[in-house]
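Participant: What follows is a single structure, and I will ask about it in a moment.
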2 protein chains.
Amino acid sequence: MATRRASISDLAKQLNLSVSTISRVLNNHPAISDATKKRVWELAKQLNYQPNHLAAALRKGRSNTLGVVVPHIDGHFFALVLKGIETIANLAGFNVMICQSNENETHEKKNIATLLNAQVDGILVSVSLTTRDFSHFEEVRRRNIPLVFFDRVMETPDASAVVLDDYQGAYQAVSHLIEQGCTRIAHLGGPQHVNICQNRYRGYQDALRAHGVAYDEALVHFSNLSMQDGLDGMEQLLQQAPKLDAVFAANDLSLVGAMQVLKRYGLRVPNDVALAGFSNELFSSLTEPKLTSVDQRCEEMGRTAVHLLLELMTQHENEEKAVGRQITLQPELLIRGSSERVPAA
Amino acid sequence: MATRRASISDLAKQLNLSVSTISRVLNNHPAISDATKKRVWELAKQLNYQPNHLAAALRKGRSNTLGVVVPHIDGHFFALVLKGIETIANLAGFNVMICQSNENETHEKKNIATLLNAQVDGILVSVSLTTRDFSHFEEVRRRNIPLVFFDRVMETPDASAVVLDDYQGAYQAVSHLIEQGCTRIAHLGGPQHVNICQNRYRGYQDALRAHGVAYDEALVHFSNLSMQDGLDGMEQLLQQAPKLDAVFAANDLSLVGAMQVLKRYGLRVPNDVALAGFSNELFSSLTEPKLTSVDQRCEEMGRTAVHLLLELMTQHENEEKAVGRQITLQPELLIRGSSERVPAA
DNA sequence: ATGATTTATGCAAACGTTTGCACAGAAAAT
DNA sequence: ATTTTCTGTGCAAACGTTTGCATAAATCAT
């Protein structure tokens with residue numbers, strides 16, 4: 001019953017050929033006569049031959065597998081990035097192995113070790129928030145395994161990475177609010193030691209400045225951007241600056257909280273207060289009204305990251321010295337009900 | 001520079017031992033003297049020896065990898081299941097390879113082929129909605145690779161699977177609505193050729209009957225459960241049965257749509273119309289009020305599926321004939337604002 | 001002291017490929 | 001007719017492990 005799978009040497013025996021010839025046929029090696037090619041393929045089909053990837057991998061020193069480390073697999077953003085990664089990787093004939101760090105440095109180190117052990121041919125990483133020591137990535141470099149960071153990157157000039165232009169996203173969102181006639185625009189910002197949050201804050205400031213709108217400290221509130229933070233933050237902003245006419249939040253989740261507070265105060269969205277957020281979550285188009293938000297091009301980020309990785313891998317094959325390359329994706333502002341004011345008739 | 005990784009035979013040479021001895025040390029084989037054990041481990045550490053999984057896999061015929069096929073990787077449900085799968089698999093020393101079928105039969109067949117090629121030791125599958133032909137799973141069985149279905153299963157007595165008790169979930173939700181004093185309970189149902197939707201519908205019916213509440217066809221509306229479907233369905237239900245006092249939806253997404261319609265009609269949730277949904281999406285607790293919903297135990301489903309798979313795998317090792325085993329998870333009703341009526345003071 | 005058992009190690013084959021090199025025969029060039 | 005160049009194929013080593021069997025040394029029982 002437990003009949004072993006057909007191997008290359010089974011084919012060889014049955015056809016009175018050498019294993020090397022069979023191997024060459026299966027790999028489309030040029031120097032093989034059409035006659036034998038046909039014979040081999042036919043028998044292969046007949047015996048339902050399936051190549052043993054492991055053996056090939058061992059011999060060639062490449063596993064045809066890509067490794068990915070993400071902080072977590074759930075949540076809209078990473079799920080979509082992973083989808084992009086998977087799609088392109090498979091298209092290029094690679095399998096994908098996914099690990100979660102759970103935002104934990106130790107876990108992340110383990111993940112990297114796992115992937116190295118599995119002999120992946122390349123690695124994609126989005127760094128955990130708690131990671132302070134980056135020695136595990138050094139080990140990857142030492143082993144000469146191509147690596148690409150995405151979204152959450154290790155800041156080194158020689159590392160390759162693909163990130164989103166958070167600054168531009170914020171700039172556009174705030175500019176849009178100004179174009180809607182808003183002048184007292186509040187900001188729900190994230191922790192400023194986090195790169196992306198800082199960039200969004202800067203984008204906010206510069207957009208104001210560029211349009212000659214005064215910056216007012218009373219209009220800014222920083223937090224960790226949970227929904228509760230949005231609720232609390234909005235309350236506080238309304239105390240500090242009752243006349244605000246718009247809110248730009250560094251994420252959509254906190255904005256949902258903020259919107260609930262506004263409704264409770266009887267303020268109408270978007271006509272009294274216009275709203276724009278960041279990250280275009282799934283729920284962002286389920287609220288009433290739908291939230292204007294900066295889309296992070298998640299899937300494209302995944303696709304781009306794989307493309308870059310594949311590029312590094314071929315460079316690496318050709319022994320070219322791979323210099324770090326950074327790609328910055330331009331976000332897309334999705335204008336929806338929460339900010340679109342119908343011009344007064 | 002490109003210094004090859006230390007192999008088992010490097011260790012052997014440097015210590016004047018045979019490769020077999022080294023191998024045995026590294027695998028904690030009992031019959032090795034403590035002295036040599038120590039010597040080997042020390043050098044291993046010093047040379048930063050990393051075992052070559054591929055070689056071991058080839059020799060042992062097992063890859064230490066589990067394969068998963070899901071309809072898609074984004075979306076709350078599968079993301080959480082995957083998290084559960086990953087967690088337990090890693091704990092048990094297995095890597096996980098994830099494939100998406102994109103709800104496409106052809107793609108699913110390719111996924112299975114990929115996983116078989118990668119020589120995974122076991123497979124977890126949630127079947128695509130469009131799959132009609134199940135021959136690819138036959139191939140898995142023929143190859144003697146343990147397989148466990150989860151959530152979306154192939155209906156065969158000898159297949160192992162872990163599913164949610166949708167019937168019970170619906171029954172509980174509707175019973176809860178009745179306990180809140182509702183008697184005209186509408187149902188937004190899904191396509192009845194889909195197993196789970198049918199079970200939810202049955203649970204709805206039986207809960208009514210069990211509590212002596214009359215079933216009324218005018219209170220039932222079937223669709224594909226998109227948000228738009230929820231909007232349209234609710235409109236229609238309000239026409240057909242203006243006096244309804246509750247809605248049980250087969251998913252949360254459609255319920256969000258329904259709630260928006262209710263608000264538009266000036267009906268108050270939960271006091272005029274109480275709401276309960278299914279699947280406990282991320283956004284379900286972001287609405288105003290929060291949605292009562294049946295939680296699907298996503299992570300636990302993933303964990304259970306892996307446990308079952310591992311069980312099958314050891315049985316398989318011991319040549320025991322593995323008979324299909326089905327596990328049914330009990331859902332959990334999460335009662336929130338959309339259905340909890342404050343008792344009239 | 002002899003044989004029986006245990007303990008620790010080595011030998012060598014096997015897993016299923018890939019690939020540099022060699023080589024026979026045929027075709028082409030001299 | 002001899003040499004050169006192709007064309008198609010085979011040989012055998014290599015990738016890094018694991019593992020059944022053999023064996024030498026040490027321990028034990030008699």
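A note on labels: chains of the structure tokens are A, B, ... as shown, every chain counts residues from 1, and ligands are counted from 1 in their shown order.
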Write out as a list in words every residue belonging to chain C that has an atom at most 7 Å from any atom of chain B, counting only C-alpha atoms (C1' of nucleotides).

Facilitator: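 Close to chain B, chain C has DT7, DA8, DT9, DG10 and DC15 of chain C.
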
Participant: Could you turn the residues from that selection into a file that holds all heavy atoms, as a short mmCIF file (atom, residue, chain, number, x, y, z; two decimals), in the first residue's frame?

Facilitator:
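Final file, selection_31.cif:
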data_model
loop_
_atom_site.label_atom_id
_atom_site.label_comp_id
_atom_site.auth_asym_id
_atom_site.auth_seq_id
_atom_site.Cartn_x
_atom_site.Cartn_y
_atom_site.Cartn_z
P DT C 7 25.19 -0.49 29.84
OP1 DT C 7 25.02 0.20 31.14
OP2 DT C 7 24.09 -0.60 28.88
"O5'" DT C 7 26.44 0.16 29.11
"C5'" DT C 7 27.72 0.11 29.73
"C4'" DT C 7 28.70 0.84 28.84
"O4'" DT C 7 29.16 -0.04 27.78
"C3'" DT C 7 28.13 2.08 28.16
"O3'" DT C 7 29.04 3.13 28.35
"C2'" DT C 7 27.98 1.67 26.69
"C1'" DT C 7 29.12 0.66 26.55
N1 DT C 7 28.97 -0.38 25.49
C2 DT C 7 30.08 -0.72 24.75
O2 DT C 7 31.17 -0.20 24.90
N3 DT C 7 29.86 -1.70 23.81
C4 DT C 7 28.68 -2.35 23.55
O4 DT C 7 28.62 -3.22 22.68
C5 DT C 7 27.55 -1.95 24.36
C7 DT C 7 26.22 -2.59 24.15
C6 DT C 7 27.74 -0.99 25.28
P DA C 8 28.72 4.61 27.91
OP1 DA C 8 29.29 5.52 28.91
OP2 DA C 8 27.30 4.68 27.55
"O5'" DA C 8 29.60 4.73 26.59
"C5'" DA C 8 31.01 4.58 26.69
"C4'" DA C 8 31.59 4.51 25.31
"O4'" DA C 8 31.08 3.34 24.65
"C3'" DA C 8 31.23 5.70 24.42
"O3'" DA C 8 32.46 6.30 24.02
"C2'" DA C 8 30.48 5.11 23.24
"C1'" DA C 8 30.92 3.65 23.28
N9 DA C 8 29.95 2.68 22.75
C8 DA C 8 28.63 2.54 23.07
N7 DA C 8 28.03 1.55 22.45
C5 DA C 8 29.04 1.00 21.67
C6 DA C 8 29.05 -0.08 20.77
N6 DA C 8 27.98 -0.83 20.51
N1 DA C 8 30.23 -0.36 20.16
C2 DA C 8 31.30 0.39 20.44
N3 DA C 8 31.40 1.43 21.26
C4 DA C 8 30.23 1.68 21.84
P DT C 9 32.43 7.60 23.12
OP1 DT C 9 33.68 8.35 23.38
OP2 DT C 9 31.12 8.25 23.25
"O5'" DT C 9 32.52 6.97 21.67
"C5'" DT C 9 33.79 6.55 21.20
"C4'" DT C 9 33.62 5.72 19.96
"O4'" DT C 9 32.49 4.83 20.07
"C3'" DT C 9 33.35 6.47 18.68
"O3'" DT C 9 34.59 6.77 18.06
"C2'" DT C 9 32.51 5.50 17.85
"C1'" DT C 9 32.28 4.33 18.78
N1 DT C 9 30.93 3.72 18.71
C2 DT C 9 30.76 2.62 17.92
O2 DT C 9 31.65 2.12 17.26
N3 DT C 9 29.48 2.10 17.91
C4 DT C 9 28.38 2.58 18.62
O4 DT C 9 27.30 2.04 18.54
C5 DT C 9 28.65 3.75 19.43
C7 DT C 9 27.55 4.37 20.23
C6 DT C 9 29.90 4.27 19.44
P DG C 10 34.64 7.50 16.67
OP1 DG C 10 35.99 8.08 16.52
OP2 DG C 10 33.45 8.35 16.57
"O5'" DG C 10 34.50 6.31 15.63
"C5'" DG C 10 35.45 5.25 15.65
"C4'" DG C 10 35.15 4.26 14.53
"O4'" DG C 10 33.90 3.59 14.82
"C3'" DG C 10 34.98 4.91 13.16
"O3'" DG C 10 35.66 4.09 12.20
"C2'" DG C 10 33.48 4.91 12.93
"C1'" DG C 10 33.05 3.65 13.68
N9 DG C 10 31.68 3.69 14.17
C8 DG C 10 31.12 4.62 15.01
N7 DG C 10 29.88 4.38 15.29
C5 DG C 10 29.57 3.22 14.60
C6 DG C 10 28.36 2.48 14.52
O6 DG C 10 27.29 2.72 15.07
N1 DG C 10 28.49 1.37 13.69
C2 DG C 10 29.64 1.02 13.03
N2 DG C 10 29.58 -0.07 12.28
N3 DG C 10 30.78 1.69 13.10
C4 DG C 10 30.67 2.78 13.89
P DC C 15 17.50 4.66 -0.78
OP1 DC C 15 16.65 3.51 -1.09
OP2 DC C 15 18.43 5.18 -1.80
"O5'" DC C 15 16.56 5.87 -0.38
"C5'" DC C 15 16.41 6.35 0.94
"C4'" DC C 15 16.38 7.85 0.93
"O4'" DC C 15 17.65 8.32 1.42
"C3'" DC C 15 16.27 8.49 -0.45
"O3'" DC C 15 14.90 8.68 -0.75
"C2'" DC C 15 17.03 9.81 -0.31
"C1'" DC C 15 17.86 9.63 0.96
N1 DC C 15 19.33 9.78 0.80
C2 DC C 15 20.02 10.59 1.70
O2 DC C 15 19.39 11.16 2.60
N3 DC C 15 21.37 10.73 1.57
C4 DC C 15 22.01 10.09 0.59
N4 DC C 15 23.33 10.25 0.50
C5 DC C 15 21.32 9.27 -0.34
C6 DC C 15 20.00 9.14 -0.20
#

Participant: RMSD over all C-alpha atoms, chain B superposed on chain A in order?

Facilitator: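 Pairing the C-alpha atoms in order and fitting gives 0.1 Å.
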
Participant: What does the structure give for the distance between atom CA of Ile8 of chain A and atom CA of Gln119 of chain B, in Å to one decimal?

Facilitator: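 Interatomic distance here is 16.0 Å.
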
Participant: Within 12 Å of DA29 of chain D, counting only C-alpha atoms (C1' of nucleotides), which residues qualify if same-chain residues fewer than 6 places away don't, as a list in words?

Facilitator: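 Result of the neighbour search: DT2, DG3, DA4 and DT5 of chain C.
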
Participant: Quick one, how far is atom CA of Phe278 of chain B from atom CA of Leu253 of chain B?

Facilitator: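 Going from atom CA of Phe278 of chain B over to atom CA of Leu253 of chain B, I get 8.8 Å.
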
Participant: Skip segment 212-222 of chain A itself and residues of its chain fewer than 2 positions away, then list as a PyMOL selection string all residues within 10 Å of it, counting only C-alpha atoms (C1' of nucleotides).

Facilitator: chain A and resi 178+182-192+197+201+204-210+224-225+229-230+232-234+236-244+246-250

Participant: Identify every residue of chain A that has at least one atom within 9 Å of any atom of chain B, counting only C-alpha atoms, and report the result as JSON, numbers by chain.

Facilitator: {"A": [1, 2, 3, 4, 5, 50, 51, 52, 53, 54, 55, 57, 58, 63, 72, 73, 74, 75, 76, 77, 78, 79, 80, 81, 82, 83, 86, 87, 90, 95, 96, 97, 98, 99, 100, 114, 115, 116, 117, 118, 119, 142, 143, 144, 227, 253, 256, 257, 260, 282, 283, 284, 286, 287, 288]}

Participant: Restricting the calculation to only C-alpha atoms (C1' of nucleotides), which member of D:DT30, D:DT7, D:DT23, D:DT17 is positioned closest to chain A?

Facilitator: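 Using only C-alpha atoms (C1' of nucleotides), the shortest distance to chain A belongs to D:DT7.
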
Participant: In Å, with one decimal, what is the gap from atom CA of Ser128 of chain A to atom CA of Ser101 of chain A?

Facilitator: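 The value is 6.6 Å.
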
Participant: For Asp158 of chain B, which residue among B:Asn251, B:Leu43, B:Gly324, B:Leu275 is the nearest when counting only C-alpha atoms?

Facilitator: B:Gly324
